[in-house]
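> Below are the structure tokens for one structure; questions will follow.
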Amino acid sequence: MNKIILESHNLKNRTTGFGVFNYELIKAFSQLDFNDNIHLVAKDINELKNEFGKKFDYIKYYDFMKFNIFSIKRNNIDVWHSLNQNISVEPYLKPKKYVLTIHDVNFAEEDTNDFSIKKKNLFYKKLQRTDYITFISKYAKEQTEKYFDISGIENKIIYNGNSISQRLDLKDFKPRIQIDSPYFFTISAFIEKKNFESIIRLMPFFPDYKLVIAGNNSNEYGQKIKNLIIEMKLERRVILTNKISEIEKQYYMQNCDAFLFPSVGEGFGLPPIEAMSFGKPILLSNKTSLPEIGGDDAFYWDNFDSAYMADVLAKALEKYNNNKDYYIEKYIQRSKEFDWNKAAKEYLDIYKI
């Protein structure tokens, strides 16, 4: 029986890509049979105990654990898995196998500043102790190889799963914010690379539509988006929901006329896969991993000129509506290709010593 520690404290924020990745992978582990002793590092271990019981052991996370003197001191760790590349918590002693999951290395492309230099130095140290790397996409691997020497380190691409494994019953559900006209939908963290400005600027071309943007907008980028909405006099047509529940997310995806995702910095891109579960038109930027994830039947923007984006969206809606059965079938089929249980089994294989 191997002693495995998952550095999973990003579970605390499930509205982010890291949080969703951590939770969905752990949930998939909980549904599999394995003989290993898996420990979860998390801030709220009581919540996890209530959900997963004795399937796992639990290590309480504290912020000071990122300092070496307070590192996790567990004897005889067989496998340590850092679930993302930015984690600053490390084991005090070298485990038999150190596994690192890389979602992206966007920090390597950022301007040289104290923050990006700190991230690079942290990442270099991780690579020095890493025995096995998993990437969440081909793009993540290619981006890493462009900036860092990972030769000699075993690695594998393991795609994330579709977090919508079960369609909820929405028959009698009413969201907190009800939309009284056709609308486009998007959901993500409010950070610059999500490029929400571009889809707000195309809204004057679609006067009969509203745009619903879900995600925690109580930060600097959120204020920037709010200011743009006011500047363009779109307060009644661009709706910011803030954080939403799972059932609200499924409601908006099921009832939107198209899912828009113009991000320019995705290591994978979970929301488009979720939206495909509902068979709606998917419009993505053609940047980073999104063409790899969206596949041949999604629609793509090559640039972010507003008139161009509006033209692509209008043609996509027309093409989709003229062949709706085809697109619904293709989208749903593709959404099922990404499976968390499959991913979890691949990770368990990597943990073997």
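We label chains A, B, ... in the order they appear in the structure tokens, count residues from 1 in each chain, and number ligands from 1 in the order shown.
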Against segment 141-165 of chain A, which residues of segment 218-250 of chain A fall within 12 Å? For each one I want the closest pair of atoms and the distance in Å (one decimal), counting only C-alpha atoms, rows by chain and increasing residue number, as JSON lines.

{"residue": "A:Glu246", "atom": "CA", "partner": "A:Ile164", "partner_atom": "CA", "distance": 9.1}
{"residue": "A:Ile247", "atom": "CA", "partner": "A:Ile164", "partner_atom": "CA", "distance": 10.5}
{"residue": "A:Lys249", "atom": "CA", "partner": "A:Ile164", "partner_atom": "CA", "distance": 10.1}
{"residue": "A:Gln250", "atom": "CA", "partner": "A:Ile164", "partner_atom": "CA", "distance": 8.5}
> Save the residues we just selected, N, CA and C atoms, as a CSV table (one decimal), in the first residue's frame?

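The new file selection_34.csv reads:
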chain,number,residue,atom,x,y,z
A,246,GLU,N,-24.4,25.4,-9.1
A,246,GLU,CA,-24.3,24.4,-10.1
A,246,GLU,C,-25.6,24.3,-10.9
A,247,ILE,N,-26.7,24.4,-10.2
A,247,ILE,CA,-28.0,24.3,-10.9
A,247,ILE,C,-28.3,25.6,-11.8
A,249,LYS,N,-25.9,27.4,-13.1
A,249,LYS,CA,-25.0,27.2,-14.3
A,249,LYS,C,-25.6,26.3,-15.4
A,250,GLN,N,-26.2,25.2,-15.0
A,250,GLN,CA,-26.8,24.3,-15.9
A,250,GLN,C,-28.0,25.0,-16.5
> Let's see if you can do this: from backbone DSSP, list all helix (DSSP H, G or I) residues in segment 115-176 of chain A, as number ranges by chain.
A: 115-129, 138-147
> Residues of segment 269-317 of chain A within 12 Å of segment 193-196 of chain A: nearest atom pair and distance (Å, one decimal) for each, counting only C-alpha atoms, sorted by chain and number, as JSON lines?

{"residue": "A:Gly269", "atom": "CA", "partner": "A:Lys194", "partner_atom": "CA", "distance": 10.5}
{"residue": "A:Pro271", "atom": "CA", "partner": "A:Lys194", "partner_atom": "CA", "distance": 11.7}
{"residue": "A:Leu284", "atom": "CA", "partner": "A:Lys194", "partner_atom": "CA", "distance": 10.9}
{"residue": "A:Ser285", "atom": "CA", "partner": "A:Asn195", "partner_atom": "CA", "distance": 9.6}
{"residue": "A:Lys287", "atom": "CA", "partner": "A:Lys193", "partner_atom": "CA", "distance": 10.8}
{"residue": "A:Thr288", "atom": "CA", "partner": "A:Lys193", "partner_atom": "CA", "distance": 11.1}
{"residue": "A:Asn303", "atom": "CA", "partner": "A:Asn195", "partner_atom": "CA", "distance": 11.5}
{"residue": "A:Phe304", "atom": "CA", "partner": "A:Asn195", "partner_atom": "CA", "distance": 9.3}
> Could you check how far atom CA of Thr186 of chain A sits from atom CA of Ile229 of chain A, in Å to one decimal?
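Distance reported for this atom pair: 15.5 Å.
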> From the options A:Lys27, A:Arg237, A:Lys119, A:Lys171, which residue's atoms come nearest to Asn255 of chain A, counting only C-alpha atoms?
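The answer is A:Lys171, which sits nearest to Asn255 of chain A.
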> Contacts of Phe185 of chain A at 10 Å or less, counting only C-alpha atoms, minus same-chain residues fewer than 3 places along, as JSON, numbers by chain?
{"A": [210, 211, 212, 213, 214, 238, 239, 249, 252, 253, 254, 255, 256, 257, 258, 259, 260, 261, 275]}
> Keeping all heavy atoms for every residue in the selection just given, could you write it to a file as a short mmCIF file (atom, residue, chain, number, x, y, z; two decimals), in the first residue's frame?

data_model
loop_
_atom_site.label_atom_id
_atom_site.label_comp_id
_atom_site.auth_asym_id
_atom_site.auth_seq_id
_atom_site.Cartn_x
_atom_site.Cartn_y
_atom_site.Cartn_z
N LYS A 210 -29.32 39.51 -25.02
CA LYS A 210 -28.59 39.90 -23.82
C LYS A 210 -27.36 38.99 -23.67
O LYS A 210 -27.27 37.96 -24.33
CB LYS A 210 -29.48 39.79 -22.58
CG LYS A 210 -30.59 40.85 -22.57
CD LYS A 210 -31.40 40.80 -21.28
CE LYS A 210 -32.46 41.92 -21.30
NZ LYS A 210 -33.29 41.92 -20.07
N LEU A 211 -26.44 39.40 -22.83
CA LEU A 211 -25.24 38.62 -22.54
C LEU A 211 -25.16 38.41 -21.04
O LEU A 211 -25.21 39.36 -20.27
CB LEU A 211 -23.99 39.37 -23.03
CG LEU A 211 -22.63 38.79 -22.60
CD1 LEU A 211 -22.43 37.39 -23.20
CD2 LEU A 211 -21.49 39.71 -23.02
N VAL A 212 -25.07 37.15 -20.63
CA VAL A 212 -24.97 36.80 -19.21
C VAL A 212 -23.55 36.32 -18.93
O VAL A 212 -23.08 35.36 -19.56
CB VAL A 212 -25.99 35.71 -18.83
CG1 VAL A 212 -25.84 35.33 -17.36
CG2 VAL A 212 -27.40 36.17 -19.13
N ILE A 213 -22.88 37.01 -18.01
CA ILE A 213 -21.50 36.64 -17.63
C ILE A 213 -21.52 36.23 -16.17
O ILE A 213 -21.82 37.04 -15.29
CB ILE A 213 -20.52 37.80 -17.84
CG1 ILE A 213 -20.58 38.32 -19.28
CG2 ILE A 213 -19.11 37.37 -17.47
CD1 ILE A 213 -19.68 39.52 -19.54
N ALA A 214 -21.17 34.97 -15.89
CA ALA A 214 -21.16 34.45 -14.52
C ALA A 214 -19.73 34.33 -14.01
O ALA A 214 -18.82 33.98 -14.76
CB ALA A 214 -21.86 33.09 -14.46
N VAL A 238 -26.21 43.56 -20.61
CA VAL A 238 -25.11 42.70 -20.16
C VAL A 238 -25.31 42.46 -18.66
O VAL A 238 -25.24 43.38 -17.86
CB VAL A 238 -23.74 43.32 -20.43
CG1 VAL A 238 -22.63 42.40 -19.90
CG2 VAL A 238 -23.54 43.57 -21.93
N ILE A 239 -25.57 41.22 -18.32
CA ILE A 239 -25.92 40.85 -16.95
C ILE A 239 -24.75 40.15 -16.28
O ILE A 239 -24.27 39.11 -16.76
CB ILE A 239 -27.15 39.90 -16.92
CG1 ILE A 239 -28.26 40.43 -17.84
CG2 ILE A 239 -27.62 39.68 -15.50
CD1 ILE A 239 -28.79 41.79 -17.47
N LYS A 249 -25.87 27.35 -13.15
CA LYS A 249 -24.98 27.21 -14.30
C LYS A 249 -25.63 26.34 -15.37
O LYS A 249 -25.64 26.71 -16.56
CB LYS A 249 -23.64 26.61 -13.87
CG LYS A 249 -22.67 26.39 -15.03
CD LYS A 249 -21.34 25.84 -14.54
CE LYS A 249 -21.45 24.40 -14.13
NZ LYS A 249 -20.13 23.82 -13.75
N TYR A 252 -28.51 28.24 -17.14
CA TYR A 252 -28.10 29.22 -18.14
C TYR A 252 -27.52 28.55 -19.38
O TYR A 252 -27.72 29.01 -20.50
CB TYR A 252 -27.07 30.19 -17.53
CG TYR A 252 -27.67 31.17 -16.55
CD1 TYR A 252 -27.16 31.29 -15.27
CD2 TYR A 252 -28.75 31.98 -16.90
CE1 TYR A 252 -27.69 32.20 -14.35
CE2 TYR A 252 -29.30 32.89 -16.00
CZ TYR A 252 -28.77 32.99 -14.73
OH TYR A 252 -29.31 33.88 -13.84
N MET A 253 -26.80 27.44 -19.20
CA MET A 253 -26.25 26.73 -20.36
C MET A 253 -27.36 26.09 -21.18
O MET A 253 -27.32 26.11 -22.42
CB MET A 253 -25.25 25.67 -19.89
CG MET A 253 -23.91 26.24 -19.45
SD MET A 253 -22.72 24.95 -18.98
CE MET A 253 -21.22 25.95 -18.77
N GLN A 254 -28.33 25.54 -20.53
CA GLN A 254 -29.42 24.86 -21.25
C GLN A 254 -30.28 25.84 -22.03
O GLN A 254 -30.81 25.50 -23.10
CB GLN A 254 -30.29 24.08 -20.27
CG GLN A 254 -31.47 23.37 -20.95
CD GLN A 254 -32.19 22.43 -20.01
OE1 GLN A 254 -31.63 21.45 -19.55
NE2 GLN A 254 -33.46 22.73 -19.71
N ASN A 255 -30.43 27.06 -21.54
CA ASN A 255 -31.38 27.99 -22.14
C ASN A 255 -30.74 29.11 -22.96
O ASN A 255 -31.47 29.94 -23.53
CB ASN A 255 -32.25 28.61 -21.03
CG ASN A 255 -33.19 27.58 -20.41
OD1 ASN A 255 -34.18 27.18 -21.01
ND2 ASN A 255 -32.86 27.14 -19.21
N CYS A 256 -29.41 29.14 -23.05
CA CYS A 256 -28.78 30.19 -23.85
C CYS A 256 -28.89 29.85 -25.34
O CYS A 256 -29.14 28.71 -25.73
CB CYS A 256 -27.31 30.36 -23.45
SG CYS A 256 -26.23 28.98 -23.92
N ASP A 257 -28.68 30.86 -26.17
CA ASP A 257 -28.66 30.64 -27.62
C ASP A 257 -27.26 30.32 -28.13
O ASP A 257 -27.12 29.80 -29.25
CB ASP A 257 -29.20 31.88 -28.35
CG ASP A 257 -30.71 31.88 -28.41
OD1 ASP A 257 -31.34 31.34 -27.48
OD2 ASP A 257 -31.28 32.41 -29.39
N ALA A 258 -26.24 30.64 -27.34
CA ALA A 258 -24.87 30.28 -27.70
C ALA A 258 -23.98 30.48 -26.47
O ALA A 258 -24.24 31.34 -25.63
CB ALA A 258 -24.35 31.12 -28.86
N PHE A 259 -22.91 29.69 -26.39
CA PHE A 259 -21.92 29.83 -25.32
C PHE A 259 -20.68 30.48 -25.92
O PHE A 259 -20.12 29.99 -26.90
CB PHE A 259 -21.56 28.47 -24.73
CG PHE A 259 -20.60 28.56 -23.58
CD1 PHE A 259 -21.04 28.87 -22.30
CD2 PHE A 259 -19.24 28.37 -23.79
CE1 PHE A 259 -20.15 28.97 -21.25
CE2 PHE A 259 -18.34 28.47 -22.74
CZ PHE A 259 -18.80 28.78 -21.46
N LEU A 260 -20.26 31.60 -25.34
CA LEU A 260 -19.14 32.38 -25.87
C LEU A 260 -17.94 32.30 -24.93
O LEU A 260 -18.09 32.51 -23.73
CB LEU A 260 -19.55 33.85 -26.04
CG LEU A 260 -20.91 34.14 -26.70
CD1 LEU A 260 -21.11 35.64 -26.84
CD2 LEU A 260 -21.02 33.44 -28.05
N PHE A 261 -16.77 32.03 -25.47
CA PHE A 261 -15.58 31.86 -24.62
C PHE A 261 -14.35 32.39 -25.37
O PHE A 261 -13.64 31.63 -26.02
CB PHE A 261 -15.41 30.38 -24.27
CG PHE A 261 -14.62 30.13 -23.02
CD1 PHE A 261 -15.15 30.41 -21.76
CD2 PHE A 261 -13.35 29.59 -23.09
CE1 PHE A 261 -14.43 30.16 -20.61
CE2 PHE A 261 -12.61 29.34 -21.94
CZ PHE A 261 -13.15 29.62 -20.70
N ALA A 275 -20.51 23.22 -21.55
CA ALA A 275 -21.57 23.77 -22.40
C ALA A 275 -21.94 22.82 -23.53
O ALA A 275 -23.10 22.76 -23.96
CB ALA A 275 -21.14 25.13 -22.96
#
> Write out as a PDB file with N, CA, C and O atoms, in the first residue's frame which residues come within 6 Å of segment 101-108 of chain A when counting only C-alpha atoms, dropping same-chain ones fewer than 4 positions away.

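The result, stored in result-v4.pdb:
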ATOM      1  N   LEU A  83      -1.003  19.290  -7.469  1.00  0.00           N
ATOM      2  CA  LEU A  83      -2.088  19.301  -8.452  1.00  0.00           C
ATOM      3  C   LEU A  83      -2.087  20.526  -9.361  1.00  0.00           C
ATOM      4  O   LEU A  83      -2.901  20.612 -10.270  1.00  0.00           O
ATOM      5  N   ASN A  84      -1.201  21.479  -9.113  1.00  0.00           N
ATOM      6  CA  ASN A  84      -0.976  22.523 -10.110  1.00  0.00           C
ATOM      7  C   ASN A  84       0.432  23.075  -9.964  1.00  0.00           C
ATOM      8  O   ASN A  84       1.089  22.886  -8.936  1.00  0.00           O
ATOM      9  N   GLN A  85       0.887  23.771 -10.978  1.00  0.00           N
ATOM     10  CA  GLN A  85       2.270  24.198 -11.074  1.00  0.00           C
ATOM     11  C   GLN A  85       2.617  25.364 -10.163  1.00  0.00           C
ATOM     12  O   GLN A  85       3.787  25.669  -9.962  1.00  0.00           O
ATOM     13  N   SER A 116       6.355  37.570 -11.617  1.00  0.00           N
ATOM     14  CA  SER A 116       6.614  36.508 -12.591  1.00  0.00           C
ATOM     15  C   SER A 116       7.960  35.838 -12.327  1.00  0.00           C
ATOM     16  O   SER A 116       8.101  34.626 -12.509  1.00  0.00           O
ATOM     17  N   ILE A 133       5.665  14.274 -14.890  1.00  0.00           N
ATOM     18  CA  ILE A 133       4.807  15.426 -15.189  1.00  0.00           C
ATOM     19  C   ILE A 133       3.565  14.952 -15.919  1.00  0.00           C
ATOM     20  O   ILE A 133       3.647  14.151 -16.856  1.00  0.00           O
ATOM     21  N   THR A 134       2.414  15.457 -15.511  1.00  0.00           N
ATOM     22  CA  THR A 134       1.198  15.284 -16.311  1.00  0.00           C
ATOM     23  C   THR A 134       0.774  16.660 -16.815  1.00  0.00           C
ATOM     24  O   THR A 134       0.866  17.656 -16.100  1.00  0.00           O
ATOM     25  N   PHE A 135       0.344  16.687 -18.066  1.00  0.00           N
ATOM     26  CA  PHE A 135      -0.155  17.919 -18.691  1.00  0.00           C
ATOM     27  C   PHE A 135      -1.638  17.742 -18.967  1.00  0.00           C
ATOM     28  O   PHE A 135      -2.086  16.646 -19.323  1.00  0.00           O
ATOM     29  N   ILE A 136      -2.410  18.827 -18.853  1.00  0.00           N
ATOM     30  CA  ILE A 136      -3.846  18.711 -19.078  1.00  0.00           C
ATOM     31  C   ILE A 136      -4.224  18.899 -20.548  1.00  0.00           C
ATOM     32  O   ILE A 136      -5.391  18.756 -20.903  1.00  0.00           O
ATOM     33  N   ALA A 140      -0.523  22.661 -23.228  1.00  0.00           N
ATOM     34  CA  ALA A 140       0.216  22.862 -21.980  1.00  0.00           C
ATOM     35  C   ALA A 140       1.610  22.259 -22.074  1.00  0.00           C
ATOM     36  O   ALA A 140       2.588  22.834 -21.585  1.00  0.00           O
ATOM     37  N   GLY A 267      -5.155  26.623 -20.398  1.00  0.00           N
ATOM     38  CA  GLY A 267      -4.418  25.377 -20.452  1.00  0.00           C
ATOM     39  C   GLY A 267      -5.311  24.232 -20.885  1.00  0.00           C
ATOM     40  O   GLY A 267      -4.865  23.249 -21.472  1.00  0.00           O
TER      41      GLY A 267
END
> Using only C-alpha atoms, which protein or nucleic acid residues come within 7 Å of segment 189-192 of chain A? Drop anything in the same chain fewer than 5 positions from it, and give the result as a PyMOL selection string.
chain A and resi 15-16+215-217+221-222
> Which of these, A:Ala343, A:Ala310, A:Leu100, A:Leu48, has the shortest distance to Arg201 of chain A once you count only C-alpha atoms?
A:Ala310
> Report, in Å with one decimal, the straight-line distance from atom CA of Asp131 of chain A to atom CA of Ile5 of chain A.
14.8 Å
> Within 12 Å of Gly19 of chain A, counting only C-alpha atoms, which residues show up once you throw out same-chain ones fewer than 3 positions away? Write them as a list in words, please.
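Returned residues: Glu7, Ser8, His9, Asn10, Leu11, Lys12, Asn13, Arg14, Thr15, Thr16, Asn22, Tyr23, Glu24, Leu25, Ile26, Ala42, Leu83, Asn84, Ser163, Ala189 and Leu270 of chain A.
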> Go ahead and dump the residues you just picked, N, CA and C atoms, as a CSV table (one decimal), in the first residue's frame.

chain,number,residue,atom,x,y,z
A,7,GLU,N,-1.5,17.4,-2.8
A,7,GLU,CA,-1.5,18.8,-2.4
A,7,GLU,C,-2.7,19.5,-3.1
A,8,SER,N,-3.8,19.5,-2.4
A,8,SER,CA,-5.1,19.9,-3.0
A,8,SER,C,-5.8,21.0,-2.3
A,9,HIS,N,-5.0,22.0,-1.7
A,9,HIS,CA,-5.6,23.0,-1.0
A,9,HIS,C,-6.4,24.0,-1.8
A,10,ASN,N,-6.2,24.0,-3.2
A,10,ASN,CA,-6.9,24.8,-4.1
A,10,ASN,C,-8.4,24.4,-4.1
A,11,LEU,N,-8.8,23.3,-3.5
A,11,LEU,CA,-10.2,22.9,-3.3
A,11,LEU,C,-11.0,24.1,-2.7
A,12,LYS,N,-10.3,25.0,-2.0
A,12,LYS,CA,-11.1,26.0,-1.3
A,12,LYS,C,-11.8,27.0,-2.2
A,13,ASN,N,-11.5,27.0,-3.5
A,13,ASN,CA,-12.1,27.9,-4.4
A,13,ASN,C,-12.6,27.2,-5.6
A,14,ARG,N,-13.8,26.6,-5.6
A,14,ARG,CA,-14.2,25.8,-6.7
A,14,ARG,C,-14.8,26.6,-7.9
A,15,THR,N,-14.7,27.9,-7.8
A,15,THR,CA,-15.1,28.7,-9.0
A,15,THR,C,-13.9,29.0,-9.9
A,16,THR,N,-12.8,28.5,-9.6
A,16,THR,CA,-11.6,28.6,-10.4
A,16,THR,C,-11.3,27.3,-11.1
A,22,ASN,N,-9.1,20.1,-8.9
A,22,ASN,CA,-8.9,19.4,-7.6
A,22,ASN,C,-10.1,18.6,-7.2
A,23,TYR,N,-11.2,19.3,-7.2
A,23,TYR,CA,-12.5,18.6,-6.6
A,23,TYR,C,-12.9,17.5,-7.5
A,24,GLU,N,-13.0,17.7,-8.8
A,24,GLU,CA,-13.5,16.6,-9.7
A,24,GLU,C,-12.5,15.4,-9.8
A,25,LEU,N,-11.2,15.7,-9.7
A,25,LEU,CA,-10.3,14.5,-9.7
A,25,LEU,C,-10.5,13.7,-8.4
A,26,ILE,N,-10.6,14.4,-7.3
A,26,ILE,CA,-10.7,13.7,-6.0
A,26,ILE,C,-12.1,13.0,-5.9
A,42,ALA,N,-6.1,20.0,2.6
A,42,ALA,CA,-7.2,21.0,2.4
A,42,ALA,C,-7.5,21.8,3.6
A,83,LEU,N,-1.0,19.3,-7.5
A,83,LEU,CA,-2.1,19.3,-8.5
A,83,LEU,C,-2.1,20.5,-9.4
A,84,ASN,N,-1.2,21.5,-9.1
A,84,ASN,CA,-1.0,22.5,-10.1
A,84,ASN,C,0.4,23.1,-10.0
A,163,SER,N,-17.1,18.2,-16.1
A,163,SER,CA,-17.7,18.3,-14.8
A,163,SER,C,-19.2,18.1,-14.7
A,189,ALA,N,-13.5,32.7,-14.3
A,189,ALA,CA,-13.0,33.6,-13.3
A,189,ALA,C,-12.8,35.0,-14.0
A,270,LEU,N,-12.4,24.2,-19.2
A,270,LEU,CA,-13.5,23.4,-18.8
A,270,LEU,C,-14.9,23.9,-19.2
> I'd like the neighbourhood of Pro91 of chain A as an NGL selection string, where a residue qualifies if any of its atoms comes within 7 Å (using only C-alpha atoms), though same-chain residues fewer than 5 positions away should be ignored.
:A and (71-73)
> Take the selection from the previous step and output its residues with all heavy atoms, as a PDB file, in the first residue's frame.

ATOM      1  N   SER A  71       6.864  23.011   6.431  1.00  0.00           N
ATOM      2  CA  SER A  71       6.437  22.088   5.376  1.00  0.00           C
ATOM      3  C   SER A  71       5.800  20.842   5.978  1.00  0.00           C
ATOM      4  O   SER A  71       5.967  20.542   7.170  1.00  0.00           O
ATOM      5  CB  SER A  71       7.632  21.667   4.517  1.00  0.00           C
ATOM      6  OG  SER A  71       8.210  22.781   3.880  1.00  0.00           O
ATOM      7  N   ILE A  72       5.073  20.125   5.145  1.00  0.00           N
ATOM      8  CA  ILE A  72       4.390  18.915   5.622  1.00  0.00           C
ATOM      9  C   ILE A  72       5.416  17.837   5.933  1.00  0.00           C
ATOM     10  O   ILE A  72       6.123  17.352   5.058  1.00  0.00           O
ATOM     11  CB  ILE A  72       3.375  18.423   4.582  1.00  0.00           C
ATOM     12  CG1 ILE A  72       2.243  19.456   4.444  1.00  0.00           C
ATOM     13  CG2 ILE A  72       2.806  17.058   4.964  1.00  0.00           C
ATOM     14  CD1 ILE A  72       1.237  19.133   3.382  1.00  0.00           C
ATOM     15  N   LYS A  73       5.514  17.499   7.215  1.00  0.00           N
ATOM     16  CA  LYS A  73       6.497  16.514   7.682  1.00  0.00           C
ATOM     17  C   LYS A  73       5.779  15.187   7.920  1.00  0.00           C
ATOM     18  O   LYS A  73       5.296  14.917   9.001  1.00  0.00           O
ATOM     19  CB  LYS A  73       7.172  17.012   8.954  1.00  0.00           C
ATOM     20  CG  LYS A  73       7.960  18.312   8.769  1.00  0.00           C
ATOM     21  CD  LYS A  73       8.575  18.765  10.076  1.00  0.00           C
ATOM     22  CE  LYS A  73       9.455  19.991   9.867  1.00  0.00           C
ATOM     23  NZ  LYS A  73       8.685  21.182   9.527  1.00  0.00           N
TER      24      LYS A  73
END
> For Tyr320 of chain A, which residue among A:Ile350, A:Met65, A:Ala298, A:Ala28 is the nearest when counting only C-alpha atoms?
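Residue with the minimum atom-to-atom distance to Tyr320 of chain A: A:Ala298.
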> Nearest residue to Arg176 of chain A out of A:Ile38, A:Leu240, A:Leu127, A:Met232, using only C-alpha atoms?
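With only C-alpha atoms as the atom set, the closest residue is A:Leu240.
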> Smallest atom-to-atom distance to Tyr251 of chain A: which of A:Glu110, A:Asp349, A:Glu329, A:Asp169, using only C-alpha atoms?
A:Asp169
